[in-house]
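Asks: What follows is the file start-v6.txt, containing compact mmCIF, C-alpha atoms:
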# COMPACT_ATOMS: atom_id res chain seq x y z
CA MET M 1 -13.17 -18.28 0.87
CA GLY M 2 -11.41 -20.86 -1.32
CA ARG M 3 -9.68 -18.17 -3.34
CA MET M 4 -8.56 -16.31 -0.25
CA SER M 5 -7.02 -19.43 1.26
CA ALA M 6 -5.07 -20.11 -1.97
CA ALA M 7 -2.81 -17.09 -1.51
CA PRO M 8 -0.94 -18.12 1.67
CA ALA M 9 0.10 -21.57 0.33
CA LEU M 10 1.78 -20.30 -2.84
CA TYR M 11 3.04 -17.28 -0.95
CA ARG M 12 4.89 -19.52 1.51
CA VAL M 13 6.47 -21.50 -1.35
CA LEU M 14 7.75 -18.37 -3.05
CA ARG M 15 8.97 -16.86 0.21
CA ALA M 16 11.03 -19.97 0.84
CA THR M 17 12.76 -19.82 -2.54
CA LEU M 18 12.88 -16.26 -3.88
CA PRO M 19 14.68 -14.22 -1.17
CA THR M 20 18.01 -15.99 -1.64
CA VAL M 21 17.95 -15.00 -5.31
CA VAL M 22 16.11 -11.67 -5.36
CA MET M 23 17.69 -9.94 -2.37
CA PRO M 24 21.35 -10.32 -3.46
CA TYR M 25 20.44 -9.45 -7.06
CA PHE M 26 18.97 -6.07 -6.07
CA LYS M 27 21.44 -5.50 -3.23
CA VAL M 28 18.55 -4.67 -0.93
CA THR M 29 19.40 -2.72 2.23
CA ILE M 30 16.82 -2.89 5.02
CA GLU M 31 16.64 -0.32 7.80
CA GLY M 32 14.30 -0.22 10.80
CA LEU M 33 12.93 -3.73 10.42
CA GLU M 34 12.53 -3.86 14.20
CA HIS M 35 9.59 -1.45 13.84
CA VAL M 36 7.49 -4.09 12.08
CA PRO M 37 5.65 -6.10 14.76
CA GLU M 38 6.64 -9.76 14.96
CA ARG M 39 3.04 -10.73 15.65
CA GLY M 40 -0.37 -9.11 15.59
CA ALA M 41 -2.13 -6.99 13.00
CA ALA M 42 -0.73 -3.82 11.46
CA ILE M 43 -0.86 -1.84 8.23
CA VAL M 44 2.44 -1.32 6.40
CA ALA M 45 2.08 1.81 4.25
CA GLY M 46 4.58 3.59 2.06
CA ASN M 47 5.50 5.23 -1.22
CA HIS M 48 5.06 3.53 -4.57
CA LEU M 49 7.67 3.93 -7.32
CA SER M 50 7.69 0.70 -9.31
CA PHE M 51 5.77 -2.46 -10.11
CA ILE M 52 8.33 -4.48 -8.13
CA ASP M 53 7.71 -2.59 -4.86
CA SER M 54 5.18 -5.13 -3.60
CA PHE M 55 7.49 -8.07 -4.19
CA VAL M 56 10.54 -6.42 -2.62
CA LEU M 57 8.53 -5.32 0.41
CA ALA M 58 6.98 -8.76 0.95
CA LEU M 59 10.30 -10.58 0.60
CA CYS M 60 12.01 -8.25 3.08
CA LEU M 61 9.60 -9.06 5.89
CA PRO M 62 10.02 -12.09 8.18
CA ARG M 63 6.26 -12.75 8.20
CA PRO M 64 3.53 -12.87 5.52
CA LEU M 65 2.31 -9.59 4.07
CA PHE M 66 -0.97 -9.34 2.20
CA TYR M 67 -2.34 -6.83 -0.29
CA LEU M 68 -5.79 -6.09 -1.67
CA GLY M 69 -6.49 -6.46 -5.38
CA LYS M 70 -9.53 -6.42 -7.61
CA SER M 71 -11.11 -9.84 -8.03
CA ASP M 72 -10.71 -9.60 -11.83
CA TYR M 73 -7.07 -10.67 -11.42
CA TRP M 74 -8.27 -14.04 -10.11
CA GLU M 75 -10.42 -14.72 -13.17
CA SER M 76 -7.43 -14.98 -15.51
CA ALA M 77 -5.11 -17.98 -15.48
CA ARG M 78 -2.28 -15.66 -16.59
CA THR M 79 -2.49 -13.40 -13.55
CA ARG M 80 -3.93 -15.72 -10.88
CA TRP M 81 -0.57 -17.32 -9.99
CA LEU M 82 1.16 -13.93 -9.89
CA VAL M 83 -1.27 -12.22 -7.53
CA ALA M 84 -1.59 -15.31 -5.33
CA GLY M 85 2.18 -15.57 -5.05
CA ALA M 86 2.41 -11.90 -4.12
CA GLY M 87 -0.05 -12.38 -1.25
CA VAL M 88 -2.91 -10.54 -2.95
CA VAL M 89 -6.40 -11.08 -1.55
CA PRO M 90 -9.30 -10.48 -3.98
CA VAL M 91 -11.77 -7.69 -3.31
CA TYR M 92 -15.31 -8.32 -4.54
CA ARG M 93 -17.09 -5.06 -5.19
CA ASP M 94 -20.60 -5.26 -3.81
CA GLY M 95 -22.72 -2.91 -5.85
CA GLY M 96 -19.63 -1.61 -7.64
CA ASP M 97 -18.29 0.22 -4.58
CA LYS M 98 -14.61 -0.67 -4.57
CA GLY M 99 -13.81 1.63 -1.63
CA GLU M 100 -16.22 -0.01 0.79
CA GLY M 101 -15.35 -3.47 -0.51
CA SER M 102 -11.66 -2.79 0.08
CA LEU M 103 -12.33 -1.45 3.56
CA ARG M 104 -14.26 -4.55 4.60
CA ALA M 105 -11.70 -6.94 3.08
CA GLY M 106 -8.84 -5.12 4.75
CA VAL M 107 -10.48 -5.05 8.15
CA ARG M 108 -11.20 -8.79 7.90
CA LEU M 109 -7.51 -9.47 7.26
CA LEU M 110 -6.49 -7.25 10.15
CA ASP M 111 -9.02 -8.89 12.46
CA ARG M 112 -7.19 -12.16 11.76
CA GLY M 113 -3.92 -10.64 12.96
CA GLN M 114 -2.31 -10.23 9.54
CA LEU M 115 -0.02 -7.58 8.05
CA LEU M 116 -1.64 -5.53 5.27
CA GLY M 117 0.39 -3.61 2.71
CA ILE M 118 -1.08 -0.42 1.23
CA TYR M 119 0.15 2.50 -0.90
CA PRO M 120 -1.70 5.63 0.31
CA GLU M 121 -1.02 7.49 -2.96
CA GLY M 122 -3.31 4.96 -4.67
CA THR M 123 -1.03 4.59 -7.68
CA ARG M 124 2.63 4.67 -8.65
CA SER M 125 4.27 8.08 -8.60
CA PRO M 126 4.36 9.53 -12.13
CA ASP M 127 7.66 11.35 -11.60
CA GLY M 128 9.38 10.04 -8.47
CA ARG M 129 7.84 12.58 -6.11
CA LEU M 130 5.54 11.75 -3.19
CA TYR M 131 1.91 12.72 -3.65
CA ARG M 132 -1.04 13.37 -1.35
CA GLY M 133 -2.29 10.25 0.38
CA LYS M 134 -5.84 8.96 0.27
CA THR M 135 -7.54 8.46 3.62
CA GLY M 136 -8.36 4.76 3.13
CA PRO M 137 -5.39 3.30 5.06
CA VAL M 138 -6.11 5.52 8.07
CA ARG M 139 -9.80 4.73 7.99
CA MET M 140 -8.98 1.02 7.86
CA ALA M 141 -6.50 1.28 10.74
CA LEU M 142 -9.07 3.11 12.88
CA GLU M 143 -11.82 0.60 12.13
CA ALA M 144 -9.57 -2.35 13.00
CA GLY M 145 -7.77 -0.63 15.88
CA VAL M 146 -4.27 -1.31 14.56
CA PRO M 147 -1.09 0.79 14.09
CA ILE M 148 0.36 1.88 10.76
CA VAL M 149 4.05 1.19 10.08
CA PRO M 150 5.32 3.74 7.52
CA PHE M 151 8.03 2.80 5.05
CA GLY M 152 10.04 4.44 2.31
CA ILE M 153 11.45 2.55 -0.65
CA ILE M 154 14.34 4.03 -2.64
CA GLY M 155 15.79 2.83 -5.94
CA SER M 156 13.04 0.51 -7.16
CA ASP M 157 12.21 2.97 -9.95
CA VAL M 158 15.80 2.62 -11.17
CA ALA M 159 15.59 -1.18 -11.05
CA MET M 160 12.34 -1.13 -13.01
CA PRO M 161 11.15 2.21 -14.40
CA GLN M 162 7.50 2.48 -15.36
CA ASP M 163 8.33 2.53 -19.07
CA ARG M 164 10.37 -0.69 -18.92
CA LYS M 165 9.34 -4.35 -18.79
CA VAL M 166 12.80 -5.66 -17.98
CA ILE M 167 14.17 -5.54 -14.43
CA ARG M 168 17.74 -4.32 -14.17
CA ARG M 169 20.15 -4.80 -11.30
CA ALA M 170 20.19 -1.75 -9.02
CA PRO M 171 20.54 -1.18 -5.27
CA ILE M 172 17.28 -0.73 -3.36
CA THR M 173 16.87 0.64 0.15
CA LEU M 174 13.81 -0.09 2.28
CA ARG M 175 13.33 1.96 5.45
CA PHE M 176 10.69 1.31 8.10
CA GLY M 177 9.65 3.94 10.63
CA ARG M 178 8.15 3.76 14.07
CA PRO M 179 4.52 2.57 14.16
CA ILE M 180 1.94 5.36 14.19
CA ASP M 181 -0.62 4.90 16.95
CA LEU M 182 -3.99 6.32 15.89
CA SER M 183 -5.94 5.25 18.96
CA ARG M 184 -6.36 8.89 20.01
CA TYR M 185 -8.61 9.37 16.98
CA HIS M 186 -10.83 6.34 17.58
CA ASP M 187 -13.84 8.27 18.88
CA ARG M 188 -13.69 10.55 15.84
CA ARG M 189 -12.82 7.93 13.24
CA THR M 190 -15.56 9.05 10.85
CA ASP M 191 -14.65 12.74 11.00
CA PRO M 192 -13.29 13.80 7.56
CA LEU M 193 -10.94 16.34 9.13
CA VAL M 194 -9.49 13.71 11.45
CA LEU M 195 -9.00 11.29 8.57
CA ARG M 196 -7.20 13.96 6.56
CA SER M 197 -5.04 15.09 9.49
CA ALA M 198 -3.95 11.53 10.30
CA THR M 199 -3.27 10.81 6.63
CA ASP M 200 -1.09 13.92 6.34
CA GLU M 201 0.81 12.74 9.42
CA LEU M 202 1.40 9.38 7.74
CA MET M 203 2.57 10.98 4.48
CA TYR M 204 4.99 13.22 6.37
CA GLU M 205 6.62 10.16 7.95
CA ILE M 206 6.81 8.45 4.56
CA MET M 207 8.43 11.58 3.10
CA LEU M 208 11.12 11.54 5.80
CA LEU M 209 11.83 7.86 5.17
CA SER M 210 11.90 8.05 1.37
CA GLY M 211 13.58 11.45 1.01
CA GLN M 212 11.13 12.41 -1.73
CA GLU M 213 9.84 15.84 -2.56
CA TYR M 214 6.20 16.10 -1.43
CA VAL M 215 3.45 17.37 -3.73
CA ASP M 216 0.12 18.32 -2.14
CA GLU M 217 -1.89 16.92 -5.02
CA TYR M 218 -3.27 13.50 -5.95
CA ALA M 219 -1.01 11.49 -8.24
CA SER M 220 -4.06 10.33 -10.17
CA HIS M 221 -4.80 13.96 -11.06
CA VAL M 222 -1.31 14.44 -12.40
CA LYS M 223 -1.51 11.26 -14.48
CA SER M 224 -4.89 12.19 -15.94
CA GLY M 225 -4.10 15.86 -16.37
CA ALA M 226 -7.05 16.83 -14.17
CA VAL M 227 -7.07 20.20 -12.45
CA ASP M 228 -6.59 19.90 -8.69
CA LEU M 229 -9.47 21.08 -6.53
CA SER M 230 -9.05 23.66 -3.81
CA GLU M 231 -11.15 21.78 -1.30
CA GLU M 232 -10.09 18.30 -0.15
CA LEU M 233 -13.50 17.17 1.08
CA GLY M 234 -16.86 18.32 -0.14
CA ALA M 235 -20.12 18.54 1.78
CA ASP M 236 -21.23 15.28 0.19
CA GLY M 237 -18.49 13.36 2.02
CA GLN M 238 -16.38 12.68 -1.05
CA ASP M 239 -12.70 13.24 -1.61
CA ALA M 240 -11.70 15.96 -4.02
CA ASP M 241 -11.05 13.41 -6.76
CA GLY M 242 -14.68 12.30 -6.62
CA SER M 243 -14.08 8.99 -4.84
CA ARG M 244 -15.84 8.01 -1.67
CA ARG M 245 -14.16 9.17 1.48
CA GLY M 246 -11.59 6.58 2.52
CA ASP M 247 -11.38 4.88 -0.87
CA VAL M 248 -8.50 2.42 -0.75
CA ASP M 249 -8.17 1.92 -4.54
CA PRO M 250 -7.58 -1.86 -4.57
CA ASP M 251 -6.20 -1.75 -8.10
CA ALA M 252 -3.13 0.05 -6.77
CA SER M 253 -2.75 -1.81 -3.52
CA ALA M 254 -1.09 -4.78 -5.16
CA GLY M 255 1.26 -2.65 -7.19
As a first step, turn the structure in this file into structure tokens.
Replies:
Amino acid sequence: MGRMSAAPALYRVLRATLPTVVMPYFKVTIEGLEHVPERGAAIVAGNHLSFIDSFVLALCLPRPLFYLGKSDYWESARTRWLVAGAGVVPVYRDGGDKGEGSLRAGVRLLDRGQLLGIYPEGTRSPDGRLYRGKTGPVRMALEAGVPIVPFGIIGSDVAMPQDRKVIRRAPITLRFGRPIDLSRYHDRRTDPLVLRSATDELMYEIMLLSGQEYVDEYASHVKSGAVDLSEELGADGQDADGSRRGDVDPDASAG
């Protein structure tokens, strides 16, 4: 618990100093901020274009936002300060199952009334398009009984493309949509078809907010060159990419 409590302290310090510098530099425009609850737990889920997405999103919100990240980041002195400052909470993989470990860590955060940031695509878009979402965020929202606030970020890939290490000045727009209430699915929260239907609903809202072209394929498949599978869920309860149903992919959650 010591490592988890370290994130909010540094996070508060950075939040008090960075916005006045970062926001004007990127000329960030925020739309729909009223849709993010001022108190209480919620998941904030959106598209993922650049490494800086997590920082821009966190600095735009008036309250702390946390992410999930693999615990390996906390073992290195070079990355510990960065992930702590970004509000990243370590996920310890019991038995090597990162999906279940992420689910439990996320639900614990939500049970404490926090905001949790997640990228349903599980990784940054390889070409600027929006890809099929994984069911982890929906599964987490149903387990914790919280809404999901969709968002679309535009321009962050211009400010810092994936092949660049230097951030350039470019306008960024961040749009929040109305919270998605999933309570109607609570009694069927383990049904794979319900998880997929709710996830598709979430991705549609993100598409409208971001203005991206939607691709009904996992971004990880495109990056690896894998052939997409015709069936989303198999009889063994796994997603088409071979991960456990509802895998959150903590490596991507922190950007």
Asks: Given 3 Å on each side, where is the centre and what are the edge lengths in Å to one decimal of the axis-aligned box enclosing the listed atoms of segment 185-200 of chain M, as lines of an AutoDock Vina configuration file?
Replies:
center_x = -8.3
center_y = 11.3
center_z = 12.6
size_x = 20.5
size_y = 16.0
size_z = 18.5
Asks: Can you tell me how far atom CA of Ser54 of chain M sits from atom CA of Gly133 of chain M, in Å to one decimal?
Replies: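 Atom-to-atom, atom CA of Ser54 of chain M and atom CA of Gly133 of chain M are spaced 17.6 Å apart.
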Asks: Given the point (13.7, -0.7, 1.1) in the coordinates of this file, which residues lie within 7 Å, counting all atoms listed in the file, and how would they look as JSON, numbers by chain?
Replies: {"M": [28, 29, 30, 57, 152, 153, 154, 172, 173, 174, 175]}
Asks: Can you pull out every residue within 10 Å of segment 207-221 of chain M, counting all atoms listed in the file, but drop anything in the same chain fewer than 4 positions away, and send it as a ChimeraX atom specification?
Replies: /M:31,46-47,121-134,150-155,173-177,200-203,225-230,232,240-241
Asks: Please compute the atom CA of Gly40 of chain M-atom CA of Ile118 of chain M distance, one decimal, in Å.
Replies: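 Atom CA of Ile118 of chain M lies at a distance of 16.8 Å from atom CA of Gly40 of chain M.
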Asks: At a cut-off of 12 Å around the point (-13.4, 8.3, 16.9) (file coordinates), what residues fall inside when counting all atoms listed in the file? I'd like the answer as a PyMOL selection string.
Replies: chain M and resi 138-139+141-145+182-195+198
Asks: Have a look at atom CA of Arg164 of chain M and atom CA of Lys223 of chain M and let me know their distance in Å, one decimal.
Replies: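 Atom-to-atom, atom CA of Arg164 of chain M to atom CA of Lys223 of chain M, that is 17.4 Å.
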